[in-house]
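Undergrad: To be precise about what I am sending: the file is called data-v6.csv and holds CSV, C-alpha atoms.
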chain,number,residue,atom,x,y,z
A,1,MET,CA,182.0,55.3,97.3
A,2,GLU,CA,182.4,58.4,95.3
A,3,ALA,CA,182.0,61.7,97.0
A,4,VAL,CA,179.6,63.9,95.2
A,5,SER,CA,179.5,67.5,96.2
A,6,THR,CA,176.4,69.5,95.4
A,7,GLN,CA,176.5,73.2,95.4
A,8,ARG,CA,173.3,74.6,96.8
A,9,ASN,CA,171.9,77.8,95.2
A,10,ARG,CA,172.7,80.1,98.0
A,11,ILE,CA,172.5,83.9,97.9
A,12,HIS,CA,175.9,85.6,98.1
A,13,PRO,CA,176.4,87.1,101.7
A,14,HIS,CA,176.9,90.6,100.2
A,15,LYS,CA,173.7,90.3,98.2
A,16,PHE,CA,171.8,89.1,101.3
A,17,THR,CA,173.1,92.1,103.2
A,18,LEU,CA,172.0,94.4,100.4
A,19,TRP,CA,168.5,93.0,100.5
A,20,VAL,CA,168.3,93.4,104.3
A,21,ALA,CA,169.5,97.0,103.9
A,22,ILE,CA,166.9,97.6,101.1
A,23,GLY,CA,164.2,96.2,103.4
A,24,SER,CA,165.2,98.6,106.1
A,25,ILE,CA,165.3,101.6,103.8
A,26,ILE,CA,161.8,100.6,102.5
A,27,MET,CA,160.5,100.5,106.0
A,28,MET,CA,162.0,103.9,106.8
A,29,PHE,CA,160.5,105.6,103.8
A,30,ALA,CA,157.1,103.8,104.3
A,31,GLY,CA,157.1,105.2,107.8
A,32,LEU,CA,158.0,108.7,106.7
A,33,THR,CA,155.4,108.8,103.9
A,34,SER,CA,152.8,107.3,106.2
A,35,ALA,CA,153.5,110.0,108.7
A,36,TYR,CA,153.2,112.6,105.9
A,37,ILE,CA,149.7,111.4,105.2
A,38,VAL,CA,148.7,111.5,108.8
A,39,LYS,CA,150.2,114.9,109.4
A,40,ARG,CA,148.8,116.6,106.3
A,41,ASP,CA,145.5,117.5,108.2
A,42,GLN,CA,147.4,119.9,110.5
A,43,PRO,CA,146.4,123.6,110.3
A,44,ASN,CA,149.8,124.9,109.2
A,45,TRP,CA,150.1,122.4,106.3
A,46,LEU,CA,151.1,124.0,103.1
A,47,SER,CA,150.2,122.6,99.7
A,48,PHE,CA,152.7,123.1,96.9
A,49,GLU,CA,153.2,122.2,93.3
A,50,MET,CA,156.1,120.0,92.3
A,51,PRO,CA,158.7,122.0,90.2
A,52,GLN,CA,159.1,121.0,86.5
A,53,VAL,CA,162.8,120.2,87.1
A,54,PHE,CA,161.7,117.1,89.1
A,55,TRP,CA,160.2,115.7,85.9
A,56,TYR,CA,163.6,116.1,84.2
A,57,SER,CA,165.5,114.6,87.1
A,58,THR,CA,163.2,111.6,87.0
A,59,CYS,CA,164.0,111.1,83.4
A,60,VAL,CA,167.7,111.4,84.2
A,61,ILE,CA,167.6,108.8,87.0
A,62,LEU,CA,165.6,106.4,84.7
A,63,LEU,CA,168.4,106.8,82.1
A,64,SER,CA,171.0,106.1,84.7
A,65,SER,CA,169.2,102.8,85.5
A,66,VAL,CA,169.4,101.9,81.8
A,67,SER,CA,173.1,102.8,81.6
A,68,ILE,CA,174.1,100.7,84.7
A,69,GLN,CA,172.2,97.7,83.4
A,70,ILE,CA,174.0,97.9,80.1
A,71,ALA,CA,177.3,98.4,82.1
A,72,LEU,CA,176.6,95.2,84.0
A,73,ARG,CA,176.0,93.3,80.7
A,74,LYS,CA,179.3,94.7,79.3
A,75,PHE,CA,181.2,93.7,82.5
A,76,LYS,CA,179.9,90.1,82.1
A,77,GLU,CA,180.9,90.1,78.5
A,78,ARG,CA,184.4,91.4,79.6
A,79,GLU,CA,184.1,94.5,77.5
A,80,MET,CA,185.9,96.6,80.0
A,81,ARG,CA,186.2,99.8,77.9
A,82,SER,CA,182.4,99.9,77.4
A,83,TYR,CA,181.9,99.0,81.0
A,84,ARG,CA,184.0,101.9,82.3
A,85,ALA,CA,182.4,104.3,79.9
A,86,LEU,CA,178.9,103.3,81.0
A,87,MET,CA,179.8,103.4,84.7
A,88,MET,CA,181.1,107.0,84.1
A,89,VAL,CA,177.8,107.8,82.3
A,90,THR,CA,175.8,106.4,85.3
A,91,MET,CA,177.9,108.4,87.8
A,92,VAL,CA,177.4,111.6,85.8
A,93,LEU,CA,173.6,111.0,85.5
A,94,GLY,CA,173.4,110.3,89.2
A,95,LEU,CA,175.1,113.6,90.0
A,96,MET,CA,172.9,115.3,87.5
A,97,PHE,CA,169.9,113.9,89.3
A,98,VAL,CA,171.1,115.2,92.6
A,99,GLY,CA,171.8,118.6,90.9
A,100,GLY,CA,168.2,118.6,89.5
A,101,GLN,CA,166.9,117.8,93.0
A,102,PHE,CA,168.9,120.7,94.5
A,103,GLU,CA,167.5,123.0,91.9
A,104,GLY,CA,163.9,121.8,92.4
A,105,PHE,CA,164.2,122.3,96.2
A,106,ARG,CA,165.8,125.7,95.7
A,107,GLU,CA,162.7,126.6,93.6
A,108,LEU,CA,160.4,125.3,96.3
A,109,TRP,CA,162.3,127.3,99.0
A,110,ASN,CA,161.9,130.5,96.9
A,111,LYS,CA,158.2,129.8,96.7
A,112,GLY,CA,158.0,129.7,100.5
A,113,VAL,CA,158.1,125.9,101.1
A,114,SER,CA,160.8,126.0,103.7
A,115,PHE,CA,161.9,123.7,106.5
A,116,ARG,CA,160.7,126.1,109.2
A,117,GLY,CA,157.5,127.3,107.5
A,118,SER,CA,155.3,124.2,107.6
A,119,SER,CA,155.2,120.5,108.4
A,120,ALA,CA,154.8,119.8,104.7
A,121,GLY,CA,158.2,121.4,104.0
A,122,GLN,CA,159.8,119.6,106.9
A,123,PHE,CA,158.6,116.2,105.6
A,124,LEU,CA,159.4,117.0,102.0
A,125,TYR,CA,163.0,118.1,102.8
A,126,VAL,CA,163.7,115.2,105.2
A,127,ILE,CA,162.3,112.6,102.8
A,128,ALA,CA,163.9,113.9,99.7
A,129,GLY,CA,167.2,114.7,101.6
A,130,LEU,CA,167.4,111.1,102.8
A,131,HIS,CA,166.8,109.9,99.2
A,132,ALA,CA,169.6,112.2,98.0
A,133,VAL,CA,172.0,110.8,100.6
A,134,HIS,CA,171.2,107.3,99.4
A,135,VAL,CA,171.8,108.3,95.7
A,136,LEU,CA,175.1,109.9,96.7
A,137,GLY,CA,176.0,106.7,98.5
A,138,GLY,CA,175.3,104.9,95.3
A,139,VAL,CA,177.5,107.3,93.3
A,140,ILE,CA,180.3,106.6,95.8
A,141,VAL,CA,179.9,102.9,95.2
A,142,LEU,CA,180.0,103.5,91.4
A,143,VAL,CA,183.1,105.5,91.7
A,144,ILE,CA,184.8,102.7,93.7
A,145,GLN,CA,183.7,100.2,91.0
A,146,TRP,CA,185.0,102.4,88.3
A,147,ILE,CA,188.4,102.9,90.0
A,148,LYS,CA,188.7,99.2,90.5
A,149,SER,CA,188.0,98.7,86.7
A,150,GLN,CA,191.0,101.0,85.9
A,151,ARG,CA,193.5,98.4,86.9
A,152,LYS,CA,195.6,97.1,84.0
A,153,LEU,CA,195.0,93.5,85.0
A,154,VAL,CA,191.6,92.6,86.4
A,155,ARG,CA,192.2,89.5,88.5
A,156,ASN,CA,188.7,88.8,89.5
A,157,TYR,CA,185.9,88.9,86.9
A,158,SER,CA,183.3,88.2,89.5
A,159,SER,CA,180.2,90.1,88.6
A,160,THR,CA,178.8,90.1,92.1
A,161,PRO,CA,180.1,93.6,93.1
A,162,VAL,CA,178.7,95.0,89.9
A,163,GLU,CA,175.4,93.2,90.3
A,164,ILE,CA,175.1,94.6,93.9
A,165,ALA,CA,175.9,98.1,92.7
A,166,ALA,CA,173.3,97.8,89.9
A,167,THR,CA,170.7,96.3,92.2
A,168,TYR,CA,171.1,99.2,94.7
A,169,TRP,CA,171.1,101.7,91.9
A,170,HIS,CA,167.8,100.3,90.5
A,171,PHE,CA,166.4,100.4,94.0
A,172,VAL,CA,167.1,104.2,94.5
A,173,ASP,CA,165.6,104.8,91.1
A,174,LEU,CA,162.4,103.0,92.0
A,175,LEU,CA,162.4,104.7,95.4
A,176,TRP,CA,162.5,108.1,93.7
A,177,ILE,CA,159.7,107.1,91.4
A,178,TYR,CA,157.6,106.1,94.4
A,179,LEU,CA,158.4,109.3,96.2
A,180,PHE,CA,157.7,111.5,93.1
A,181,VAL,CA,154.4,109.8,92.4
A,182,PHE,CA,153.5,110.0,96.2
A,183,PHE,CA,154.2,113.8,96.3
A,184,LEU,CA,152.3,114.4,93.0
A,185,TRP,CA,149.3,112.3,94.2
A,186,ILE,CA,149.1,113.2,97.8
A,187,GLN,CA,149.1,117.0,97.2
Take the structure in the file and write it out as structure tokens.
TA:
Amino acid sequence: MEAVSTQRNRIHPHKFTLWVAIGSIIMMFAGLTSAYIVKRDQPNWLSFEMPQVFWYSTCVILLSSVSIQIALRKFKEREMRSYRALMMVTMVLGLMFVGGQFEGFRELWNKGVSFRGSSAGQFLYVIAGLHAVHVLGGVIVLVIQWIKSQRKLVRNYSSTPVEIAATYWHFVDLLWIYLFVFFLWIQ
């Protein structure tokens, strides 16, 4: 009798963990945006206009999603020079996004939308601040992936770590788009 082994199509444990984390993050932001909707009828609620720089930072994070997707493709094709360059581009775009966010919130602060001034400001800064922390976490992962790619001899061409980084990056991109549209629409 011949032993036949069949490999089931199982999700990689790290990918599973990522999806659980993404689910948790989605629930956190759903709760925060739901609370924002409920609380906006408070008497000290302050309406505000989204700064123009947020439109630019949205374009930047969309470009970063394109660059990481191409980087993933280049990794799978074992074009390490292009992969490294595209990972660097993605990291720079991620930092530009955070810088744009900082500038936008500085503008809002100067217009009187502060953390102490109103519930709207508190929610806005907490929600956007948490998103920025997640983006910075993604940048750290990209830096680690880029450093690993600098080795002369890459022993493991498993694309799983790069796929996980790309999936997470696309997630924070989509999360920002949700938040941006939410704040534009709900005002």
Undergrad: Choose the residue, out of A:Ser119, A:Ser57, A:Ser82, A:Thr33, that has the smallest atom-to-atom separation from Phe102 of chain A; count all atoms listed in the file.
TA: A:Ser57
Undergrad: Can you tell me which residues surround Asp173 of chain A at a distance of at most 8 Å, considering all atoms listed in the file, apart from same-chain residues fewer than 5 positions away, and format the answer as a VMD selection string?
TA: chain A and resid 61 to 62 65
Undergrad: Give me the residues within 10 Å of Ala128 of chain A as a PyMOL selection string, counting all atoms listed in the file and dropping any in the same chain fewer than 5 places off.
TA: chain A and resi 29+101-102+105+123+133-134+176+179-180
Undergrad: Please indicate the distance in Å from atom CA of Trp109 of chain A to atom CA of Lys39 of chain A, rounded to one decimal place.
TA: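 Distance between the two atoms: 20.2 Å.
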Undergrad: Considering only C-alpha atoms, can you say which of A:Leu175, A:Leu108, A:Leu63, A:Val20 comes closest to Thr90 of chain A?
TA: A:Leu63
Undergrad: What would the list of residues within 10 Å of (154.7, 111.5, 108.4) (file frame) look like as a ChimeraX atom specification, if only C-alpha atoms are what count?
TA: /A:29-40,119-120,122-124,127
Undergrad: Taking (177.0, 104.6, 88.2) as a centre in this file's frame and 9 Å as the limit, can you find every polymer residue with an atom that close, using all atoms listed in the file, and give them as a ChimeraX atom specification?
TA: /A:64-65,67-68,71,86-94,138-143,145-146,165-166,169
Undergrad: Could you tell me which of A:Ile164, A:Leu174, A:Leu184, A:Met80 comes closest to Ile11 of chain A if we count all atoms listed in the file?
TA: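 Using all atoms listed in the file, the shortest distance to Ile11 of chain A belongs to A:Ile164.
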Undergrad: So how many Å separate atom CA of Met27 of chain A and atom CA of His14 of chain A, to one decimal?
TA: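 Atom-to-atom, atom CA of Met27 of chain A to atom CA of His14 of chain A, that is 20.0 Å.
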Undergrad: Compile the contact shell of Ser47 of chain A as JSON, numbers by chain: residues with an atom at most 9 Å away, counting all atoms listed in the file, same-chain residues fewer than 2 positions apart removed.
TA: {"A": [45, 49, 113, 120, 187]}
Undergrad: Looking at A:His12, A:Leu136, A:Ser149, A:Val162, which one is nearest to Arg81 of chain A, with distances taken over all atoms listed in the file?
TA: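 For Arg81 of chain A, the nearest of the given residues is A:Ser149.
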Undergrad: What is the atom CA of Val53 of chain A to atom CA of Arg106 of chain A distance in Å?
TA: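 Computing the Euclidean distance for atom CA of Val53 of chain A and atom CA of Arg106 of chain A yields 10.6 Å.
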Undergrad: Kindly indicate which residue among A:Pro13, A:Gln69, A:Ile26, A:Ala21 lies nearest to His170 of chain A, using all atoms listed in the file for the distances.
TA: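 Smallest distance to His170 of chain A is found for A:Gln69.
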Undergrad: Identify, on the basis of only C-alpha atoms, every residue whose closest approach to Glu77 of chain A does not exceed 12 Å; exclude the query and any residue fewer than 6 positions from it along the same chain; express the result as a list in words.
TA: Ile70, Ala71, Tyr83, Tyr157, Ser158 and Ser159 of chain A
Undergrad: Of the residues A:Val126, A:His131, A:Trp19, A:Ile186, which is the one nearest to Ser114 of chain A, using all atoms listed in the file?
TA: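 Distance minimum relative to Ser114 of chain A lands on A:Val126.
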